[in-house]
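Novice: Sharing a structure below in structure tokens format, with a few things to ask.
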Amino acid sequence: MSDLPKKLDLAAVRARLEASGGREYWRNLDELAGTPEFRELLDREFPRQAIGWSEDESGGEGRRNFLKIMGASLALAGLTACTRQPTEHIAPYVRQPEELVPGRPLFYATATLLNGVASGVLAESHEGRPTKVEGNPEHPATLGACDVFSQASVLQLYDPDRAKTITQDGEIRSWADFLGMLRQALAEQRPSGGAGVRILTETITSPTMADQFAAIHKLFPNAKWHQWEPAGPHNARAAANLTFGQPVNTYYNLANANVVVSLDSDFLASGAASLRYARQFSARRRVREGQTTMNRLYVVEPMPTPTGSKADHRLSLRSHDIEEFAWALATGIGAANGPKSGDNEDIYKWIAGISRELERHQGASLVIAGDYQPPIVHALAHVMNAKLGNVGKTVFYTDSIEANPVDQVASLRELAKDLDAGRVDLLLILGGNPVYNAPVELGLAERIQKAGTRVHLSMYEDETSDVCQWRLPESHFLEAWGDARAFDGTITLQQPLIQPLYDSRSACQVLQMFTDSPERSGYEIVKGYWSAQYTGADFETWWRRAVHDGLIANSALPTKAPAIHREALDTPARKTRLGGTLEVMLVTGTSQATY
């Protein structure tokens with residue numbers, strides 16, 4: 001009982017307060033009462049020995065000794081001034097640029113890439129430093145809007161974890177060292193036509209880089225170009241070959257669609273044209289200025305999405321069952337010969353109503369298949385849109401916007417076989433991190449190390465960099481010149497706002513090292529390509545206008561109506577019924593939300 005704290009004497013506290021004059025500040029009643037416990041706590045927090053130098057009996061001798069020691073330390077520190085530092089010149093404005101007003105931002109048109117597809121943006125700059133990214137109102141993909149990836153891209157520019165220097169087996173090298181190695185390796189490959197050269201990239205839609213690969217193929221006809229995009233439209237690409245027998249790019253116009261059916265497609269929040277689709281869809285939902293009707297949205301999906309939250313009617317189905325729903329819907333409108341009944345009664349209860357809606361709005365309806373659905377679901381969506389007369393009105397087809405529209409999974413498997421066979425002497429990986437995100441059964445972490453010389457161009461040192469001898473720092477899109485195609489093929493120009501913060505290069509600059517002019521800048525490469533393509537009279541005026549706008553006007557790919565190969569869709573494929581009640585889905589983050 002003796003260890004318990006004593007109660008405060010409140011009467012003494014009141015007396016002290018009454019006797020005090022003026023303001024007093026205290027943190028608690030213990031401090032106000034001056035209890036022994038509080039004084040002990042105060043002594044532990046602020047020991048009296050800490051001020052011993054100012055309270056010694058020698059009249060300040062302790063303080064004097066302390067100042068002597070500190071003076072000696074400062075004198076020794078001053079010796080570093082004897083070492084001559086490099087001269088650094090700070091050059092102020094002799095004449096301030098006319099367009100630059102301190103505190104007032106400037107905006108420049110450029111492009112961000114998502115899965116290789118361009119989105120036009122305006123980059124905000126303060127006194128030469130990029131600070132923010134917004135949508136380009138003149139660009140067909142963004143219409144002035146901006147997604148989270150573009151918004152966050154400025155943070156990546158200033159990320160201190162970016163790769164800063166060239167290294168070979170952990171030793172710092174220069175670009176001249178790398179160029180010397182590359183030229184020697186290519187010289188050894190010339191007799192075989194580059195049979196041992198492999199280039200692995202992400203999805204490429206850049207016309208300039210496509211021209212560079214064509215030039216490399218002429219110099220080294222046996223070299224191979226492989227592509228891998230982990231979240232690319234692999235099922236849509238396979239469906240195009242299944243339905244049309246050729247690579248076809250598909251996009252939509254929701255402004256003309258009265259009825260939209262989504263087969264597990266989060267088209268309002270994911271994909272290269274999601275910002276445009278969201279604006280078109282929302283415009284049809286506003287009843288104003290003579291518009292008295294709204295569009296109607298049916299969504300069939302296995303999990304909640306932003307698009308599903310906007311649906312007038314939403315059916316929750318397992319991902320595996322959406323294929324059955326697609327067959328039933330295509331059969332209901334007479335576009336396919338599938339079953340008219342099945343085990344899942346929920347599916348067939350919806351079919352009659354949706355079929356009537358679609359047939360009532362022929363030419364003003366739309367069926368969209370999601371990226372995670374198998375190719376047959378995409379093929380059925382193509383067939384239904386054709387049956388409903390939507391082609392050329394709400395759905396459009398063009399040639400592929402990709403420079404090399406190949407089956408990327410098959411391409412990666414081919415590379416793995418060549419690595420196993422020892423046929424790869426030089427492997428150049430431009431961007432991406434295939435060791436981390438390629439199919440695990442390919443075992444690229446081990447297979448890549450079978451290549452003779454391994455080079456990785458990347459903004460970060462990652463899992464792929466760990467298995468490569470040469471690590472090259474890649475420039476940020478705000479530091480480099482380039483071009484790429486948008487969702488409809490519109491050519492979008494990418495211009496830098498700042499010199500590279502580190503000793504980095506872009507992918508097109510690295511590809512330029514394969515040619516006889518390896519030191520050309522990114523600006524010279526891109527401008528040189530378009531000067532060869534332009535057939536008008538005044539290229540400089542045209543070029544300056546294109547860079548100013550961020551795109552080449554009227555460069556969207558022409559639309560077409562490819563013939564459908566119906567033999568692949570006459571009979572529904574047999575599906576294996578799934579057991580149990582749980583289904584696992586692995587999805588990527590969308591441009592507006594992550595789920």
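Chain identifiers are assigned as A, B, and so on, following the order in which chains appear in the structure tokens; residues are numbered from 1 within each chain, and ligands are numbered from 1 in order of appearance.
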Region 102-131 of chain A: which residues are strand (DSSP E) by DSSP, as a PyMOL selection string?
Specialist: chain A and resi 106-114+117-126+129-131
Novice: Hey, what's within 10 Å of Ala556 (chain A) if we count only C-alpha atoms and toss same-chain stuff fewer than 6 positions away? As an NGL selection string, please?
Specialist: :A and (140 or 398 or 401 or 485-491)
Novice: Kindly give the distance, in Å, that separates CA of Leu493 (chain A) and CA of Leu254 (chain A), rounded to a single decimal.
Specialist: 26.2 Å
Novice: Just want the 10 Å neighbourhood of Asp161 (chain A), counted on only C-alpha atoms, with same-chain residues fewer than 5 positions away dropped. Output as JSON, numbers by chain.
Specialist: {"A": [156, 459, 460, 461]}
Novice: Would you write out those residues with N, CA and C atoms, as a PDB file, in the first residue's frame?
Specialist:
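Saved the output as out_34.pdb:
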```pdb
ATOM      1  N   GLN A 156       7.133   9.920 -60.790  1.00  0.00           N
ATOM      2  CA  GLN A 156       8.138   8.987 -61.298  1.00  0.00           C
ATOM      3  C   GLN A 156       9.344   9.720 -61.865  1.00  0.00           C
ATOM      4  N   MET A 459      13.947   2.098 -66.376  1.00  0.00           N
ATOM      5  CA  MET A 459      14.015   3.230 -65.466  1.00  0.00           C
ATOM      6  C   MET A 459      14.423   2.808 -64.065  1.00  0.00           C
ATOM      7  N   TYR A 460      14.324   1.502 -63.784  1.00  0.00           N
ATOM      8  CA  TYR A 460      14.660   0.994 -62.447  1.00  0.00           C
ATOM      9  C   TYR A 460      15.502  -0.270 -62.578  1.00  0.00           C
ATOM     10  N   GLU A 461      16.272  -0.530 -61.560  1.00  0.00           N
ATOM     11  CA  GLU A 461      16.991  -1.791 -61.486  1.00  0.00           C
ATOM     12  C   GLU A 461      16.070  -2.797 -60.808  1.00  0.00           C
TER      13      GLU A 461
END
```
Novice: Calculated over only C-alpha atoms, which of the candidates A:Asp147, A:Glu40, A:Glu99, A:Asp549 has the smallest distance to Arg276 (chain A)?
Specialist: A:Asp147
Novice: Near region 177-183 of chain A, within 10 Å and counting only C-alpha atoms, which residues show up once chain neighbours fewer than 6 positions away are dropped, as a list in words?
Specialist: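 Once the nearby chain positions are removed, what remains is Ile166, Thr167, Gln168, Gln189, Leu426, Thr453, Val455, Trp470, Arg471, Leu472, Val510, Met513, Phe514, Thr515, Asp516, Pro518 and Glu519 of chain A.
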Novice: Pick out the closest residue to Ala369 (chain A) from this set: A:Glu345, A:Glu357, A:Asp264, A:Glu441. Count only C-alpha atoms.
Specialist: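 Going through A:Glu345, A:Glu357, A:Asp264, A:Glu441 one by one, the smallest distance to Ala369 (chain A) is for A:Asp264.
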Novice: When you look at Ser458 (chain A) with a cut-off of 12 Å (counting only C-alpha atoms), what residues show up, excluding the ones that are within fewer than 5 positions of it in the same chain? I need them as JSON, numbers by chain.
Specialist: {"A": [161, 162, 163, 164, 165, 166, 201, 202, 428, 429, 430, 431, 432, 433, 434, 463, 464, 465, 466, 468, 470, 471, 472, 473, 474, 475, 476, 504, 505, 506, 507, 510]}
Novice: As a ChimeraX atom specification, list the residues of region 205-442 of chain A assigned to alpha helix (DSSP H) by DSSP on the backbone atoms of this structure.
Specialist: /A:207-219,234-244,274-283,306-309,322-332,345-360,375-387,408-420,434-437
Novice: Per residue of region 196-284 of chain A within 10 Å of region 479-483 of chain A, what are the shortest atom pair and its distance in Å to one decimal, counting only C-alpha atoms, with rows by chain and residue number, as a tab-separated table?
Specialist:
```
residue	atom	partner	partner_atom	distance
A:Thr205	CA	A:Asp483	CA	8.2
A:Ser206	CA	A:Asp483	CA	5.3
A:Pro207	CA	A:Asp483	CA	6.9
A:Thr208	CA	A:Asp483	CA	6.8
A:Met209	CA	A:Asp483	CA	8.4
```
Novice: Fewer than 4 positions away in the same chain doesn't count, so skip those; otherwise give me all residues within 10 Å of Asp418 (chain A), counting only C-alpha atoms, as a VMD selection string.
Specialist: chain A and resid 196 198 412 to 414 422 to 424 447 450 to 451
Novice: Nearest to Thr243 (chain A): which of A:His382, A:Arg285, A:Arg27, A:Arg544 is it, counting only C-alpha atoms?
Specialist: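 Once distances to Thr243 (chain A) are computed over only C-alpha atoms, the minimum belongs to A:His382.
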Novice: Using Å and a single decimal, report how far CA of Ile564 (chain A) sits from CA of Gln246 (chain A).
Specialist: 10.3 Å
Novice: Taking only C-alpha atoms into account, name the residue in A:Gly443, A:Pro306, A:Gly71, A:Gly271 that is nearest to Thr250 (chain A).
Specialist: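 Using only C-alpha atoms, Thr250 (chain A) sits closest to A:Gly271.
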